[in-house]
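Here is the structure we will look at, set down as structure tokens.
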Amino acid sequence: MRHISMTSQTCSGCKACASVCALNAIKFSADSEGFQVPTVNEALCVNCGLCLKTCPSLNSRQKIEDYPPKAFALQYHDEPVRRNSASGALFPAFANHFINTLGGYVCGCVLDENLTAKHIVSNQWHDVVRMQDSKYVQSDMGLCISEIMKLLKDRQYVLFSGTSCQVNGLLSALEHKHIDTRKLLTIDFFCHGVPSPMIWKEYVYYYEKKKGKKMEGYRFRNKTYGWGKGTQSRGTGYLSTWKWKGTYHTDFRIIARMWPRIFFSNLCLRTYCHSCPYSNVNKPADITMGDFWGIEDFHPDFDDHKGCSLAIIHNEKAEALMKELKDTEVLEVSLDEIINKQGNAFAPSKPHVRRNEFWKDYAANGFSYLLPKYFNCSTIGRFKAEVKYILFKLHLRRYSY
């Protein structure tokens, strides 16, 4: 047998294998934990082995760069755009350049009308707005790699943003299809790990059932109360839940703020994430981005509490493009400063000791059973959380999940 055969313990879900299969013999479907894994149609497969050669989990790609990484703090001074971003708006700054200056395309993660996280390719700014903000759930790459292949063959500029495993999958597919990448720029980030899309959908359904209203959208990060150490919060989750006379209303109650707690518990991260090979500074993308936590300590004059991005530039192409950005302020800093508070720059997220128990309980009892047992969502727990949130709103304590 010369074709891919993987589980979510060894497969990242990047879909590079499916994108290089000329016979469309590889499809992805959800496993018992809701993670996409490849299955092969034996009737179509000719055992060419290209999927095995392309898979980044089975083959380490050699990144040859005669360029010492450079570190920068970055702020995009289009204030409405930065306000809508998780940190300093690095991604939309580059997206604006690719669409409006280079006439190119952007590929990033959005929540669709069903609140499913997926990657799309677009040259429209309204789609870039949807790509902004962190998405604390694994996205589906769909056919994006194939779309990017076609665009690069047509000599179009393309900006891709995703997890390091998605970036490496894209680059591996392009390499094995011998596609020129000079007009491609890739951006990854310091990733905590990707939680189960199935548990995310269970959470959405649970919320809608409790509220009796359809969830219209979800912001995984929120800078209503500022950003960074000098403010009330680094960013809390909130929901846009319903429309009334054309206006979206937000919900800050504990049920609306439950997902970040689920995410950071590490109870439902993809197993692959716990042995992530990209939990270091030497990532596969041209640029690595993230929140510059600690900017107020290292460079207080640069911090305005509106969000600051970190940028690790890995090659000359990325540095040249960064210099072309408009309305962007950058400050060169040391690499040690920007990774100082980035835990996943040093090691993968550890699995929760009760992970197996969590999944057994879910299979036997469903999602609602998990909340009081694992996430302190009992009546007493909800009361304590509401008291904490009231104190937070009164500026009497910092927010915590």
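Every chain in the structure tokens takes a letter, A first, then B, and so on in the order presented; its residues are numbered from 1, and the ligands are numbered from 1 following the presented order.
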
- Message: Taking 6 positions as the minimum chain separation for residues in the same chain, which residues sit within 8 Å of Cys51 of chain A when counting only C-alpha atoms? Answer as a count of residues only.
- Response: 7

For the contact check between segment 256-357 of chain A and segment 214-226 of chain A, emit one row per residue of segment 256-357 of chain A within 8 Å, containing the shortest atom pair and the distance in Å rounded to one decimal, counting only C-alpha atoms, chain then rising number order, as a Markdown table.
```
| residue | atom | partner | partner_atom | distance |
| --- | --- | --- | --- | --- |
| A:Pro260 | CA | A:Phe220 | CA | 7.3 |
| A:His305 | CA | A:Gly226 | CA | 5.9 |
| A:Lys306 | CA | A:Gly226 | CA | 6.0 |
| A:Gly307 | CA | A:Gly226 | CA | 7.9 |
```

- Return as number ranges by chain the full set of residues in segment 229-370 of chain A whose backbone-based DSSP assignment is alpha helix (DSSP H). A: 258-264, 295-298, 316-323, 335-339, 355-365, 367-370

Produce a file of the selected residues containing N, CA, C and O atoms, as a compact mmCIF listing (two decimals), in the first residue's frame.
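New file out05.txt:
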```
# COMPACT_ATOMS: atom_id res chain seq x y z
N MET A 258 -17.72 31.14 27.74
CA MET A 258 -17.28 29.80 28.11
C MET A 258 -16.24 29.21 27.15
O MET A 258 -15.36 28.45 27.55
N TRP A 259 -16.31 29.58 25.86
CA TRP A 259 -15.44 28.92 24.90
C TRP A 259 -13.94 29.12 25.16
O TRP A 259 -13.17 28.15 25.06
N PRO A 260 -13.47 30.34 25.48
CA PRO A 260 -12.05 30.46 25.79
C PRO A 260 -11.60 29.54 26.93
O PRO A 260 -10.49 29.02 26.91
N ARG A 261 -12.47 29.33 27.91
CA ARG A 261 -12.14 28.42 28.99
C ARG A 261 -11.99 26.99 28.47
O ARG A 261 -11.08 26.26 28.88
N ILE A 262 -12.87 26.59 27.58
CA ILE A 262 -12.78 25.26 26.97
C ILE A 262 -11.50 25.13 26.16
O ILE A 262 -10.77 24.13 26.25
N PHE A 263 -11.21 26.16 25.38
CA PHE A 263 -10.03 26.14 24.52
C PHE A 263 -8.74 26.00 25.34
O PHE A 263 -7.91 25.13 25.10
N PHE A 264 -8.57 26.86 26.34
CA PHE A 264 -7.33 26.87 27.10
C PHE A 264 -7.22 25.72 28.10
O PHE A 264 -6.17 25.54 28.71
N ILE A 295 5.23 44.30 25.65
CA ILE A 295 5.72 45.50 24.97
C ILE A 295 5.79 46.68 25.94
O ILE A 295 6.69 47.52 25.86
N GLU A 296 4.86 46.71 26.92
CA GLU A 296 4.83 47.82 27.87
C GLU A 296 6.04 47.82 28.81
O GLU A 296 6.41 48.86 29.36
N ASP A 297 6.68 46.66 28.96
CA ASP A 297 7.87 46.57 29.79
C ASP A 297 9.14 46.90 29.01
O ASP A 297 10.03 47.59 29.51
N PHE A 298 9.21 46.39 27.79
CA PHE A 298 10.42 46.56 26.98
C PHE A 298 10.47 47.91 26.26
O PHE A 298 11.52 48.54 26.16
N GLU A 316 14.43 37.72 3.21
CA GLU A 316 14.52 39.05 2.58
C GLU A 316 13.23 39.44 1.88
O GLU A 316 12.86 40.62 1.86
N LYS A 317 12.55 38.48 1.29
CA LYS A 317 11.28 38.79 0.61
C LYS A 317 10.29 39.40 1.58
O LYS A 317 9.65 40.42 1.30
N ALA A 318 10.17 38.80 2.76
CA ALA A 318 9.24 39.29 3.77
C ALA A 318 9.65 40.68 4.27
O ALA A 318 8.80 41.56 4.45
N GLU A 319 10.94 40.88 4.47
CA GLU A 319 11.41 42.18 4.95
C GLU A 319 11.14 43.28 3.92
O GLU A 319 10.72 44.38 4.26
N ALA A 320 11.36 42.95 2.64
CA ALA A 320 11.12 43.94 1.59
C ALA A 320 9.64 44.32 1.51
O ALA A 320 9.30 45.50 1.36
N LEU A 321 8.76 43.33 1.64
CA LEU A 321 7.33 43.61 1.58
C LEU A 321 6.88 44.41 2.80
O LEU A 321 6.01 45.28 2.69
N MET A 322 7.44 44.14 3.95
CA MET A 322 7.06 44.88 5.15
C MET A 322 7.41 46.36 5.00
O MET A 322 6.67 47.24 5.46
N LYS A 323 8.52 46.65 4.35
CA LYS A 323 8.94 48.04 4.14
C LYS A 323 8.00 48.79 3.20
O LYS A 323 7.98 50.02 3.19
N LEU A 335 14.84 39.36 19.46
CA LEU A 335 14.03 38.14 19.38
C LEU A 335 13.61 37.67 20.77
O LEU A 335 12.49 37.21 20.97
N ASP A 336 14.50 37.81 21.74
CA ASP A 336 14.19 37.38 23.10
C ASP A 336 13.02 38.17 23.68
O ASP A 336 12.21 37.62 24.45
N GLU A 337 12.91 39.44 23.33
CA GLU A 337 11.83 40.27 23.86
C GLU A 337 10.47 39.80 23.37
O GLU A 337 9.51 39.72 24.15
N ILE A 338 10.37 39.47 22.09
CA ILE A 338 9.04 39.14 21.56
C ILE A 338 8.59 37.73 21.89
O ILE A 338 7.39 37.44 21.84
N ILE A 339 9.52 36.84 22.22
CA ILE A 339 9.10 35.48 22.59
C ILE A 339 9.07 35.30 24.10
O ILE A 339 8.73 34.21 24.59
N ARG A 355 -7.82 14.18 29.75
CA ARG A 355 -8.29 14.25 28.36
C ARG A 355 -9.08 13.00 27.97
O ARG A 355 -10.17 13.11 27.40
N ASN A 356 -8.56 11.82 28.23
CA ASN A 356 -9.25 10.58 27.85
C ASN A 356 -10.59 10.46 28.57
O ASN A 356 -11.59 10.03 27.99
N GLU A 357 -10.61 10.85 29.84
CA GLU A 357 -11.85 10.82 30.61
C GLU A 357 -12.87 11.78 30.01
O GLU A 357 -14.07 11.46 29.94
N PHE A 358 -12.42 12.95 29.59
CA PHE A 358 -13.28 13.95 28.96
C PHE A 358 -13.99 13.36 27.75
O PHE A 358 -15.23 13.49 27.61
N TRP A 359 -13.25 12.70 26.86
CA TRP A 359 -13.84 12.17 25.64
C TRP A 359 -14.76 10.98 25.93
O TRP A 359 -15.78 10.80 25.25
N LYS A 360 -14.44 10.18 26.93
CA LYS A 360 -15.33 9.08 27.31
C LYS A 360 -16.65 9.64 27.86
O LYS A 360 -17.73 9.13 27.55
N ASP A 361 -16.55 10.69 28.67
CA ASP A 361 -17.76 11.31 29.21
C ASP A 361 -18.60 11.94 28.10
O ASP A 361 -19.84 11.87 28.14
N TYR A 362 -17.94 12.56 27.13
CA TYR A 362 -18.69 13.15 26.02
C TYR A 362 -19.44 12.08 25.23
O TYR A 362 -20.62 12.25 24.91
N ALA A 363 -18.76 10.98 24.94
CA ALA A 363 -19.38 9.90 24.16
C ALA A 363 -20.56 9.29 24.91
O ALA A 363 -21.58 8.93 24.30
N ALA A 364 -20.44 9.20 26.23
CA ALA A 364 -21.48 8.54 27.01
C ALA A 364 -22.62 9.47 27.42
O ALA A 364 -23.78 9.05 27.51
N ASN A 365 -22.30 10.74 27.66
CA ASN A 365 -23.29 11.63 28.28
C ASN A 365 -23.59 12.92 27.53
O ASN A 365 -24.51 13.64 27.90
N PHE A 367 -22.52 16.83 25.59
CA PHE A 367 -21.79 18.06 25.90
C PHE A 367 -22.23 18.70 27.21
O PHE A 367 -21.39 19.16 28.00
N SER A 368 -23.53 18.76 27.47
CA SER A 368 -24.01 19.46 28.67
C SER A 368 -23.47 18.83 29.94
O SER A 368 -23.31 19.52 30.97
N TYR A 369 -23.16 17.55 29.91
CA TYR A 369 -22.60 16.86 31.08
C TYR A 369 -21.19 17.36 31.38
O TYR A 369 -20.75 17.35 32.53
N LEU A 370 -20.49 17.81 30.35
CA LEU A 370 -19.09 18.21 30.52
C LEU A 370 -18.93 19.53 31.26
O LEU A 370 -17.94 19.74 31.97
```

- Message: Among segment 96-314 of chain A, which ones does DSSP assign to strand (DSSP E or B) (computed from the backbone)? Answer as a ChimeraX atom specification.
- Response: /A:105-111,117-122,140,158-161,184-189,195,217-219,238-244,247-251,269,287-291,309-313

- Message: Using Å and a single decimal, report how far atom CA of Val137 of chain A sits from atom CA of Cys308 of chain A.
- Response: 22.7 Å

- Hey, what's within 12 Å of Asn100 of chain A if we count only C-alpha atoms and toss same-chain stuff fewer than 6 positions away? As a list in words, please? Pro92, Ala93, Phe94, Val106, Asn123, Gln124, Trp125, Val128, Tyr157, Leu325 and Lys326 of chain A

- Message: Please report the interatomic distance between atom CA of Val110 of chain A and atom CA of Ala89 of chain A in Å with one decimal.
- Response: 15.8 Å

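Taking atom CA of Arg182 of chain A as the reference point, atom CA of Gly169 of chain A is found at 17.0 Å.
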
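With only C-alpha atoms as the atoms that count, the minimum distance from Lys201 of chain A to the choices A:Ala345, A:Cys268, A:Met289, A:Leu115 is reached by A:Leu115.
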
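Omitting Lys118 of chain A and its sequence neighbours fewer than 6 positions away, and counting only C-alpha atoms, the residues within 10 Å are A:Gly108, A:Cys109, A:Val110, A:Leu111, A:Asp112, A:Met131, A:Lys135, A:Val137, A:Gln138, A:Ser139, A:Asp140, A:Met141, A:Gly142, A:Cys144.
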
- Task: Extract, using only C-alpha atoms, all DNA, RNA and protein residues at most 10 Å from Pro38 of chain A, discarding same-chain residues fewer than 3 positions from it, and format them as number ranges by chain.
- Result: A: 4-8, 11, 13-15, 17-18, 25-31

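Comparing A:Leu58, A:Leu152, A:Leu267, A:Val81 by their smallest distance to His178 of chain A, the closest is A:Leu152 (using only C-alpha atoms).
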
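Proximity to Ser172 of chain A was assessed for A:Arg82, A:Lys209, A:Lys53, A:His352 counting only C-alpha atoms; the smallest distance is recorded for A:Lys53.
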
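Proximity of A:Arg354, A:Asp327, A:Leu269, A:Tyr278 to Glu79 of chain A, computed with only C-alpha atoms, is greatest for A:Asp327.
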
- Task: Would you list the contacts of Asn84 of chain A as a VMD selection string, taking every protein, DNA or RNA residue within 8 Å and counting only C-alpha atoms, but skipping same-chain residues closer than 6 positions in sequence?
- Result: chain A and resid 129 132 to 133
